[in-house]
Structure formats: C-alpha cells, structure tokens
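Engineer: The following file, coords13.csv, comprises CSV, C-alpha atoms and all ligand atoms:
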```csv
chain,number,residue,atom,x,y,z
A,1,MET,CA,-89.8,19.7,32.1
A,2,ASN,CA,-87.0,21.8,33.4
A,3,ALA,CA,-84.7,23.8,31.1
A,4,VAL,CA,-81.6,21.6,31.8
A,5,LEU,CA,-83.4,18.5,30.6
A,6,VAL,CA,-84.7,20.2,27.5
A,7,PHE,CA,-81.1,21.4,26.8
A,8,LEU,CA,-79.7,17.8,27.3
A,9,LEU,CA,-82.3,16.3,25.0
A,10,MET,CA,-81.6,18.9,22.3
A,11,SER,CA,-77.9,18.3,22.4
A,12,LEU,CA,-78.4,14.5,22.1
A,13,PHE,CA,-80.7,15.1,19.1
A,14,ALA,CA,-78.2,17.4,17.4
A,15,SER,CA,-75.3,15.0,17.8
A,16,THR,CA,-77.3,12.1,16.4
A,17,ILE,CA,-78.2,14.3,13.4
A,18,ARG,CA,-74.5,15.2,13.0
A,19,ARG,CA,-73.5,11.5,13.2
A,20,SER,CA,-76.0,10.4,10.6
A,21,TRP,CA,-74.9,13.2,8.2
A,22,ARG,CA,-71.3,12.1,8.7
A,23,THR,CA,-72.4,8.5,7.8
A,24,ILE,CA,-74.2,9.7,4.7
A,25,LEU,CA,-71.2,11.8,3.6
A,26,ASN,CA,-68.7,9.0,4.2
A,27,GLN,CA,-70.8,6.7,2.2
A,28,SER,CA,-71.3,8.9,-0.8
A,29,THR,CA,-67.8,10.3,-1.2
A,30,PRO,CA,-66.0,7.1,-2.2
A,31,HIS,CA,-68.6,6.3,-4.9
A,32,PRO,CA,-68.4,9.0,-7.6
A,33,THR,CA,-70.0,6.6,-10.0
A,34,LEU,CA,-73.3,7.2,-8.3
A,35,SER,CA,-73.4,10.5,-10.3
A,36,ARG,CA,-72.3,9.0,-13.5
A,37,ALA,CA,-74.1,9.9,-16.7
A,38,MET,CA,-73.0,7.0,-18.9
A,39,HIS,CA,-74.3,3.5,-18.5
A,40,ILE,CA,-72.8,0.6,-20.4
A,41,GLN,CA,-74.5,-2.7,-20.8
A,42,SER,CA,-72.7,-5.6,-22.4
A,43,ILE,CA,-74.8,-8.0,-24.5
A,44,PRO,CA,-72.8,-11.3,-25.0
A,45,MET,CA,-73.5,-12.9,-28.4
A,46,TRP,CA,-72.6,-16.4,-29.7
A,47,GLU,CA,-71.3,-17.4,-26.3
A,48,GLY,CA,-69.0,-20.4,-26.6
A,49,THR,CA,-68.2,-19.9,-30.3
A,50,GLY,CA,-67.5,-16.3,-31.4
A,51,ASN,CA,-67.8,-14.9,-27.9
A,52,ASN,CA,-68.8,-11.5,-29.3
A,53,TYR,CA,-70.1,-8.5,-27.3
A,54,ALA,CA,-72.6,-5.9,-28.4
A,55,TYR,CA,-72.7,-2.8,-26.2
A,56,LEU,CA,-75.7,-0.7,-25.3
A,57,VAL,CA,-74.6,2.8,-24.1
A,58,VAL,CA,-77.2,5.0,-22.4
A,59,ASP,CA,-77.1,8.7,-21.4
A,60,ASP,CA,-78.8,8.2,-18.0
A,61,LYS,CA,-80.5,11.6,-17.9
A,62,SER,CA,-82.0,11.9,-21.4
A,63,LYS,CA,-82.2,8.0,-21.9
A,64,GLU,CA,-80.7,8.5,-25.4
A,65,ALA,CA,-78.9,5.3,-26.3
A,66,VAL,CA,-76.7,3.8,-29.0
A,67,ILE,CA,-76.1,0.2,-29.8
A,68,ILE,CA,-72.6,-0.9,-30.8
A,69,ASP,CA,-72.2,-3.9,-33.1
A,70,PRO,CA,-75.6,-5.6,-32.7
A,71,ALA,CA,-74.5,-8.4,-35.0
A,72,ASN,CA,-76.8,-11.2,-33.7
A,73,PRO,CA,-80.4,-9.7,-33.7
A,74,PRO,CA,-82.0,-12.7,-31.8
A,75,GLU,CA,-79.8,-11.9,-28.8
A,76,VAL,CA,-79.9,-8.1,-29.1
A,77,LEU,CA,-83.4,-7.2,-30.2
A,78,PRO,CA,-85.2,-8.6,-27.1
A,79,VAL,CA,-83.0,-6.3,-24.9
A,80,LEU,CA,-83.6,-3.2,-27.2
A,81,LYS,CA,-87.4,-3.9,-27.4
A,82,ASP,CA,-87.9,-4.4,-23.7
A,83,LYS,CA,-85.9,-1.3,-22.7
A,84,THR,CA,-87.7,0.8,-25.3
A,85,LYS,CA,-91.1,-0.4,-24.2
A,86,ASN,CA,-90.3,0.3,-20.6
A,87,GLY,CA,-89.1,3.8,-21.4
A,88,ASP,CA,-85.6,3.0,-20.2
A,89,ILE,CA,-83.9,4.0,-23.5
A,90,LYS,CA,-84.5,6.0,-26.6
A,91,LEU,CA,-82.4,4.3,-29.2
A,92,SER,CA,-80.9,6.9,-31.6
A,93,THR,CA,-78.1,5.3,-33.5
A,94,ILE,CA,-76.6,2.0,-34.5
A,95,ILE,CA,-72.8,2.0,-34.4
A,96,ASN,CA,-70.3,-0.4,-36.1
A,97,THR,CA,-66.6,-0.9,-35.3
A,98,HIS,CA,-65.9,-2.5,-38.7
A,99,HIS,CA,-67.6,-4.3,-41.6
A,100,HIS,CA,-67.1,-8.0,-40.6
A,101,HIS,CA,-70.3,-10.0,-40.5
A,102,ASP,CA,-70.0,-10.8,-36.7
A,103,HIS,CA,-70.1,-7.0,-36.1
A,104,ALA,CA,-72.1,-5.3,-38.8
A,105,GLY,CA,-74.1,-8.4,-40.1
A,106,GLY,CA,-77.1,-7.6,-38.0
A,107,ASN,CA,-77.8,-4.1,-39.3
A,108,LYS,CA,-80.5,-5.0,-41.8
A,109,GLU,CA,-82.6,-7.0,-39.3
A,110,ILE,CA,-82.1,-4.3,-36.6
A,111,LEU,CA,-83.2,-1.6,-39.1
A,112,LYS,CA,-86.6,-3.4,-39.6
A,113,HIS,CA,-87.4,-2.8,-36.0
A,114,PHE,CA,-85.4,0.4,-35.4
A,115,PRO,CA,-85.1,2.5,-38.6
A,116,LEU,CA,-82.1,4.6,-37.4
A,117,PRO,CA,-78.9,6.0,-38.8
A,118,ILE,CA,-75.9,3.7,-38.9
A,119,PHE,CA,-72.5,5.1,-38.0
A,120,GLY,CA,-69.6,3.0,-39.2
A,121,GLY,CA,-66.7,2.4,-41.6
A,122,LYS,CA,-67.4,2.7,-45.4
A,123,ASP,CA,-67.8,-1.1,-45.9
A,124,CYS,CA,-70.4,-1.7,-43.1
A,125,ASP,CA,-73.7,-3.0,-44.3
A,126,SER,CA,-76.3,-0.2,-44.8
A,127,VAL,CA,-74.0,2.4,-43.3
A,128,THR,CA,-75.4,6.0,-43.5
A,129,ASN,CA,-72.6,8.0,-41.8
A,130,THR,CA,-68.8,7.4,-41.7
A,131,PRO,CA,-67.5,9.8,-39.0
A,132,ALA,CA,-64.1,11.4,-39.9
A,133,HIS,CA,-61.0,10.5,-37.9
A,134,LYS,CA,-61.2,12.5,-34.5
A,135,SER,CA,-64.7,13.9,-35.3
A,136,THR,CA,-67.1,14.0,-32.4
A,137,PHE,CA,-70.8,13.5,-31.9
A,138,SER,CA,-72.9,13.5,-28.7
A,139,VAL,CA,-75.1,10.9,-27.1
A,140,GLY,CA,-77.8,12.6,-25.1
A,141,GLU,CA,-76.8,15.4,-22.8
A,142,ALA,CA,-73.6,14.2,-21.2
A,143,ILE,CA,-71.8,11.8,-23.5
A,144,LYS,CA,-69.3,13.0,-26.0
A,145,ALA,CA,-68.1,10.4,-28.5
A,146,THR,CA,-64.9,10.6,-30.7
A,147,ALA,CA,-64.4,8.4,-33.7
A,148,LEU,CA,-60.8,7.1,-34.0
A,149,HIS,CA,-59.8,5.5,-37.3
A,150,THR,CA,-57.6,2.5,-36.7
A,151,PRO,CA,-57.2,0.7,-40.0
A,152,CYS,CA,-55.4,-2.7,-40.1
A,153,HIS,CA,-57.8,-5.6,-39.0
A,154,THR,CA,-60.0,-4.0,-41.7
A,155,GLN,CA,-59.4,-0.8,-43.5
A,156,ASP,CA,-62.7,0.6,-42.2
A,157,SER,CA,-62.0,-0.2,-38.5
A,158,ILE,CA,-63.1,2.6,-36.2
A,159,CYS,CA,-62.7,2.8,-32.4
A,160,TYR,CA,-65.1,5.0,-30.4
A,161,PHE,CA,-64.0,6.9,-27.4
A,162,PHE,CA,-66.9,7.9,-25.1
A,163,GLU,CA,-66.6,10.2,-22.1
A,164,ASP,CA,-69.2,11.8,-19.8
A,165,GLY,CA,-67.0,14.0,-17.7
A,166,THR,CA,-66.2,11.3,-15.1
A,167,ASP,CA,-66.1,8.0,-16.9
A,168,LYS,CA,-64.2,7.2,-20.1
A,169,ALA,CA,-64.6,4.1,-22.3
A,170,VAL,CA,-63.3,3.0,-25.6
A,171,PHE,CA,-65.1,0.5,-27.9
A,172,THR,CA,-62.3,-1.1,-29.8
A,173,GLY,CA,-64.0,-3.8,-32.0
A,174,ASP,CA,-61.4,-6.2,-33.3
A,175,THR,CA,-58.5,-3.7,-33.1
A,176,LEU,CA,-57.6,-4.0,-29.4
A,177,PHE,CA,-58.6,-6.9,-27.2
A,178,ILE,CA,-57.9,-7.2,-23.5
A,179,GLY,CA,-54.3,-8.5,-23.7
A,180,GLY,CA,-54.2,-8.8,-27.4
A,181,CYS,CA,-55.1,-7.3,-30.9
A,182,GLY,CA,-56.9,-8.3,-34.0
A,183,ARG,CA,-55.5,-10.1,-37.0
A,184,PHE,CA,-54.0,-8.0,-39.8
A,185,PHE,CA,-56.6,-9.0,-42.4
A,186,GLU,CA,-56.5,-5.8,-44.5
A,187,GLY,CA,-53.5,-4.1,-43.1
A,188,ASN,CA,-49.9,-4.4,-41.9
A,189,ALA,CA,-47.7,-4.0,-38.9
A,190,GLU,CA,-47.1,-0.3,-39.4
A,191,GLU,CA,-50.9,0.4,-39.3
A,192,MET,CA,-51.4,-1.8,-36.2
A,193,HIS,CA,-48.5,-0.1,-34.5
A,194,GLU,CA,-50.0,3.3,-35.2
A,195,ALA,CA,-53.5,2.2,-34.1
A,196,LEU,CA,-52.4,0.7,-30.8
A,197,ASN,CA,-49.3,2.6,-29.8
A,198,GLU,CA,-50.1,6.1,-31.1
A,199,THR,CA,-53.9,6.5,-31.5
A,200,LEU,CA,-55.2,4.3,-28.6
A,201,ALA,CA,-52.1,4.8,-26.4
A,202,SER,CA,-52.7,8.5,-26.4
A,203,LEU,CA,-56.2,8.2,-24.7
A,204,PRO,CA,-56.2,8.9,-21.0
A,205,ASP,CA,-54.8,5.9,-19.0
A,206,ASP,CA,-58.0,5.5,-17.0
A,207,THR,CA,-60.1,4.8,-20.2
A,208,LYS,CA,-61.9,1.5,-19.8
A,209,VAL,CA,-61.5,-0.9,-22.7
A,210,TYR,CA,-64.6,-2.6,-24.3
A,211,PRO,CA,-63.4,-5.0,-27.1
A,212,GLY,CA,-65.5,-6.9,-29.6
A,213,HIS,CA,-64.7,-10.3,-28.3
A,214,GLU,CA,-63.9,-12.2,-25.1
A,215,TYR,CA,-60.4,-13.5,-26.0
A,216,THR,CA,-58.5,-12.7,-22.8
A,217,LYS,CA,-57.6,-16.3,-21.8
A,218,GLY,CA,-56.0,-17.1,-25.1
A,219,ASN,CA,-54.2,-13.8,-25.2
A,220,VAL,CA,-52.7,-14.4,-21.8
A,221,ARG,CA,-51.5,-17.8,-22.9
A,222,PHE,CA,-49.7,-16.2,-25.8
A,223,ALA,CA,-48.3,-13.2,-23.8
A,224,LYS,CA,-46.6,-15.6,-21.3
A,225,ARG,CA,-44.6,-17.1,-24.2
A,226,VAL,CA,-42.9,-13.8,-24.8
A,227,LEU,CA,-43.0,-11.9,-21.5
A,228,GLU,CA,-43.4,-12.6,-17.8
A,229,ASN,CA,-44.4,-9.6,-15.7
A,230,ASP,CA,-46.7,-8.9,-12.7
A,231,ALA,CA,-49.4,-7.3,-14.9
A,232,ILE,CA,-49.7,-10.4,-17.0
A,233,LYS,CA,-49.9,-12.6,-13.9
A,234,LYS,CA,-52.7,-10.4,-12.6
A,235,LEU,CA,-54.5,-10.6,-15.9
A,236,GLU,CA,-54.2,-14.3,-16.0
A,237,GLU,CA,-55.6,-14.6,-12.5
A,238,PHE,CA,-58.5,-12.4,-13.3
A,239,ALA,CA,-59.3,-14.3,-16.5
A,240,GLN,CA,-59.3,-17.6,-14.7
A,241,ASN,CA,-61.8,-16.3,-12.1
A,242,ASN,CA,-64.1,-14.2,-14.3
A,243,LYS,CA,-65.9,-15.2,-17.5
A,244,GLU,CA,-66.1,-11.6,-18.7
A,245,THR,CA,-63.2,-9.2,-18.8
A,246,GLN,CA,-64.6,-6.3,-20.9
A,247,GLY,CA,-64.6,-2.9,-19.1
A,248,LYS,CA,-62.4,-4.3,-16.2
A,249,PHE,CA,-59.1,-3.0,-17.6
A,250,THR,CA,-58.0,0.3,-18.9
A,251,ILE,CA,-55.7,1.7,-21.6
A,252,GLY,CA,-53.1,2.1,-18.7
A,253,ASP,CA,-53.4,-1.6,-17.9
A,254,GLU,CA,-53.1,-2.6,-21.6
A,255,LYS,CA,-49.7,-0.7,-21.7
A,256,GLN,CA,-48.6,-3.1,-18.9
A,257,HIS,CA,-50.1,-6.5,-19.9
A,258,ASN,CA,-50.6,-6.3,-23.6
A,259,VAL,CA,-47.5,-7.4,-25.5
A,260,PHE,CA,-48.7,-5.7,-28.7
A,261,MET,CA,-48.5,-2.4,-26.7
A,262,ARG,CA,-45.1,-3.2,-25.3
A,263,VAL,CA,-43.1,-3.3,-28.6
A,264,ASN,CA,-40.4,-1.2,-26.9
A,265,ASP,CA,-40.0,-3.7,-24.0
A,266,PRO,CA,-36.4,-5.1,-24.2
A,267,SER,CA,-37.5,-8.6,-22.9
A,268,ILE,CA,-40.1,-8.9,-25.7
A,269,GLN,CA,-37.6,-7.6,-28.3
A,270,LYS,CA,-35.2,-10.3,-27.1
A,271,SER,CA,-38.0,-13.0,-27.3
A,272,VAL,CA,-38.9,-12.2,-30.9
A,273,GLY,CA,-35.4,-11.3,-32.1
A,274,TYR,CA,-36.2,-7.8,-33.4
A,275,ASP,CA,-35.8,-4.3,-31.8
A,276,LYS,CA,-37.6,-1.9,-34.2
A,277,PRO,CA,-41.2,-1.5,-32.9
A,278,VAL,CA,-42.8,-2.2,-36.2
A,279,ASP,CA,-40.7,-5.4,-36.7
A,280,VAL,CA,-41.6,-6.5,-33.1
A,281,MET,CA,-45.3,-5.9,-33.9
A,282,ARG,CA,-45.1,-8.0,-37.1
A,283,ALA,CA,-43.2,-10.8,-35.4
A,284,LEU,CA,-45.6,-11.0,-32.5
A,285,ARG,CA,-48.6,-11.2,-34.8
A,286,GLU,CA,-47.0,-13.9,-36.9
A,287,MET,CA,-46.2,-15.9,-33.8
A,288,LYS,CA,-49.7,-15.5,-32.5
A,289,ASP,CA,-51.2,-16.5,-35.9
A,290,ARG,CA,-49.2,-19.7,-35.8
A,291,ALA,CA,-50.1,-20.4,-32.2
B,1,ZN,ZN,-63.4,-8.6,-37.3
```
As structure tokens, what does this structure read like?

Structural biologist:
Amino acid sequence: MNAVLVFLLMSLFASTIRRSWRTILNQSTPHPTLSRAMHIQSIPMWEGTGNNYAYLVVDDKSKEAVIIDPANPPEVLPVLKDKTKNGDIKLSTIINTHHHHDHAGGNKEILKHFPLPIFGGKDCDSVTNTPAHKSTFSVGEAIKATALHTPCHTQDSICYFFEDGTDKAVFTGDTLFIGGCGRFFEGNAEEMHEALNETLASLPDDTKVYPGHEYTKGNVRFAKRVLENDAIKKLEEFAQNNKETQGKFTIGDEKQHNVFMRVNDPSIQKSVGYDKPVDVMRALREMKDRA
C-alpha cells in the first residue's frame, strides 16, 4: 500500500470518528435529565373515586427512597416490596402531607412491613418526626428536602420541596392542586393566601408540582367561570388529553392558570366582586364549594 492511500484511509477514519462524536454530543446535550439524581414514581390510588397519588422518590445513586402519603397499602405495598427485593430502593422514611385518612391512613399497615420513621404533621397517625417550618433533611446523596408548613386545609398540612441540583419538585398534598387548592377544613382564607401566594409562590418557578389528587379537570371547569386566559385554555386541553397531570406543571404555570394564585388579577377581582387578595381567596373558595 502506498503512502497516499494510507493517508486517505486515515483521514476518512478520522472524519467518521469526529462525526460520530458530534452525534453523541448533540444527542446528550439537550437531555440534562439523563444525569438527574432524583427519580419520582407516582402510584395512583383509588382511581375513579378519590383519585389519590402516593409518590415514591428515589435518590438514584444511593437508592435511598421515601414514600409520600402511602394511604392505600394494597396498592402501594406491592410496589415497595418488589423494588426492595430487586435492590432498586432502600426505603428510609414514610412522609405525610397531612393527617387525613386518604393520606396518612395507611401508616400502621405500612409500618408492619417497613418499620421506619414517619415524618408528618402533628396529627398524622403514628408520626415520629414533625419537621419545623423551613427545616431541611436529605434523601440519599443528592436530594435535599425542605418542609414548608402550609396550614389551612388542615392545621398540620406540610408541603415538601425536593431538589437535586437540577430538578425541583414540590409535594403539595391537599394544599395546592394543579389549577386549584384544597378546602379550608381547619383554616381560613388568610392562611390559604399565605400558603399559596407567599410560601409556595416563593419557590423557583421551574419547580414541578405533585399534588395529592388528580382534580385538574374539575379545577379547569371552575377556573373558566371566573377567568379566561391562554394558560387556562392550555391546561384544559392537556387535561382532556391526559389522564394524569401531576409533575407536568410548575409553580410558574400555577401562577398563570390557577385562579387561587391569581388573587391580584383584575378580571378575577371583577368576577368575584372583591379586590383585596384575602377577600378574593375567600370568595373563590366559597364559589368552588358551592359548584
Ligand atoms: Zn385532605
């Protein structure tokens, strides 16, 4: 083989290598989630009636995991047992968003199989730790969790903000739903206004919202009675085409399509006949309760 041919073959080989590297780089750059450390699995419970969600959150590297609101053990335990047996998770903590039976009512049964600490509000069944407002704890190596007290739906309601450096998620129980909020069973409009429009609104806008129930369709129906905007139209379209909406919208989206987070919107103020944010909050909730 002469030198020219060797040179030509080598150049061809080099350009092929360069091209494939470029392909690899182009493919990996738009997908930062490939390197994520936090994995969230939704476990639907009482589908068709309560439409609740439990959430399994795993630190991918250490496999340490927490289970949030495992209220219906027959639907949650098989997942936890399988994943534990396969070495996919090391469950460390049970977490509750509030004391209601459809959130904390599974604790005793879960404890029989996984004798672990229970983080939650003071009224949660078998609770062992009630994290203080804004206190933090870690899950595995990469996940930092912050407890946010949001009393109103119940006085012991706590939302949990999870972040792994890239991804951010907030587990909101029955305080914030996609496009709505919980009933004021143990609190008042002042408290829900603070919970939604100060505490949760101050989280980064790209925080994904994981609520305790799938209530989006009904929330959109109500929202349209008091406000028409593009964000509500988009949410309606999404809810019509997707059975599950948890984790698909962010705190930034909620500020656009959730009427309970738009108490300063002049159109809503006109619809309900009040202009002070707390009065708007109270009026919206009363209208929704009657709906
Ligand atoms: Zn509740």

Engineer: When you draw a straight line from CA of Lys108 in chain A to CA of Ser42 in chain A, how long is it in Å?

Structural biologist: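 Pair CA of Lys108 in chain A / CA of Ser42 in chain A returns 20.9 Å.
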
Engineer: Around ligand ZN 1 (chain B), out to 8 Å and counting only C-alpha atoms and all ligand atoms, which residues are there? I want them as an mmCIF file with C-alpha atoms, in the coordinates of the input.

Structural biologist:
```
data_model
loop_
_atom_site.group_PDB
_atom_site.id
_atom_site.type_symbol
_atom_site.label_atom_id
_atom_site.label_comp_id
_atom_site.auth_asym_id
_atom_site.auth_seq_id
_atom_site.Cartn_x
_atom_site.Cartn_y
_atom_site.Cartn_z
ATOM 1 C CA HIS A 98 -65.900 -2.500 -38.700
ATOM 2 C CA HIS A 99 -67.600 -4.300 -41.600
ATOM 3 C CA HIS A 100 -67.100 -8.000 -40.600
ATOM 4 C CA HIS A 101 -70.300 -10.000 -40.500
ATOM 5 C CA ASP A 102 -70.000 -10.800 -36.700
ATOM 6 C CA HIS A 103 -70.100 -7.000 -36.100
ATOM 7 C CA HIS A 153 -57.800 -5.600 -39.000
ATOM 8 C CA THR A 154 -60.000 -4.000 -41.700
ATOM 9 C CA GLY A 173 -64.000 -3.800 -32.000
ATOM 10 C CA ASP A 174 -61.400 -6.200 -33.300
ATOM 11 C CA GLY A 182 -56.900 -8.300 -34.000
#
```

Engineer: For Ile95 in chain A, please output as a ChimeraX atom specification all residues within 7 Å (counting all atoms listed in the file; exclusion window: fewer than 6 positions along the same chain).

Structural biologist: /A:66-69,118-120

Engineer: Using only C-alpha atoms, which residues of range 109-178 of chain A come within 9 Å of range 212-221 of chain A, and what is the closest atom pair for each, with the distance in Å to one decimal? Give it as a tab-separated table, sorted by chain and residue number.

Structural biologist:
```
residue	atom	partner	partner_atom	distance
A:Phe171	CA	A:Gly212	CA	7.6
A:Thr172	CA	A:Gly212	CA	6.6
A:Gly173	CA	A:Gly212	CA	4.2
A:Asp174	CA	A:Gly212	CA	5.6
A:Thr175	CA	A:Gly212	CA	8.5
A:Leu176	CA	A:Gly212	CA	8.4
A:Phe177	CA	A:Tyr215	CA	6.9
A:Ile178	CA	A:Thr216	CA	5.6
```

Engineer: From the set A:Asn107, A:Thr136, A:Gln246, A:Asn264, which residue has the shortest atom-to-atom contact distance to His193 in chain A, counting all atoms listed in the file?

Structural biologist: A:Asn264

Engineer: Name all residues at most 10 Å from Glu194 in chain A (count only C-alpha atoms; drop same-chain ones fewer than 4 positions away) and give them as a PDB file with C-alpha atoms, keeping the file's coordinate frame.

Structural biologist:
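Okay, this is what ended up in out_37.pdb:
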```
ATOM      1  CA  THR A 150     -57.600   2.500 -36.700  1.00  0.00           C
ATOM      2  CA  PRO A 151     -57.200   0.700 -40.000  1.00  0.00           C
ATOM      3  CA  CYS A 152     -55.400  -2.700 -40.100  1.00  0.00           C
ATOM      4  CA  ALA A 189     -47.700  -4.000 -38.900  1.00  0.00           C
ATOM      5  CA  GLU A 190     -47.100  -0.300 -39.400  1.00  0.00           C
ATOM      6  CA  GLU A 198     -50.100   6.100 -31.100  1.00  0.00           C
ATOM      7  CA  THR A 199     -53.900   6.500 -31.500  1.00  0.00           C
ATOM      8  CA  LEU A 200     -55.200   4.300 -28.600  1.00  0.00           C
ATOM      9  CA  ALA A 201     -52.100   4.800 -26.400  1.00  0.00           C
ATOM     10  CA  VAL A 278     -42.800  -2.200 -36.200  1.00  0.00           C
TER      11      VAL A 278
END
```

Engineer: So how far away is CA of Ala195 in chain A from CA of Ala142 in chain A, in Å?

Structural biologist: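 So the two atoms, CA of Ala142 in chain A and CA of Ala195 in chain A, lie 26.7 Å apart.
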
Engineer: What is the distance between CA of Lys243 in chain A and CA of Tyr210 in chain A, in Å to one decimal?

Structural biologist: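 We find that CA of Lys243 in chain A and CA of Tyr210 in chain A lie 14.4 Å from each other.
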
Engineer: From the list A:Ala283, A:Ala145, A:Gly121, A:Phe184, which residue is nearest Ser157 in chain A when using all atoms listed in the file?

Structural biologist: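 The closest residue to Ser157 in chain A is A:Gly121.
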
Engineer: Excluding same-chain residues fewer than 6 positions from Lys288 in chain A, what lies within 10 Å of it counting all atoms listed in the file, as a PyMOL selection string?

Structural biologist: chain A and resi 180-181+183+218-219+222-223+225+282
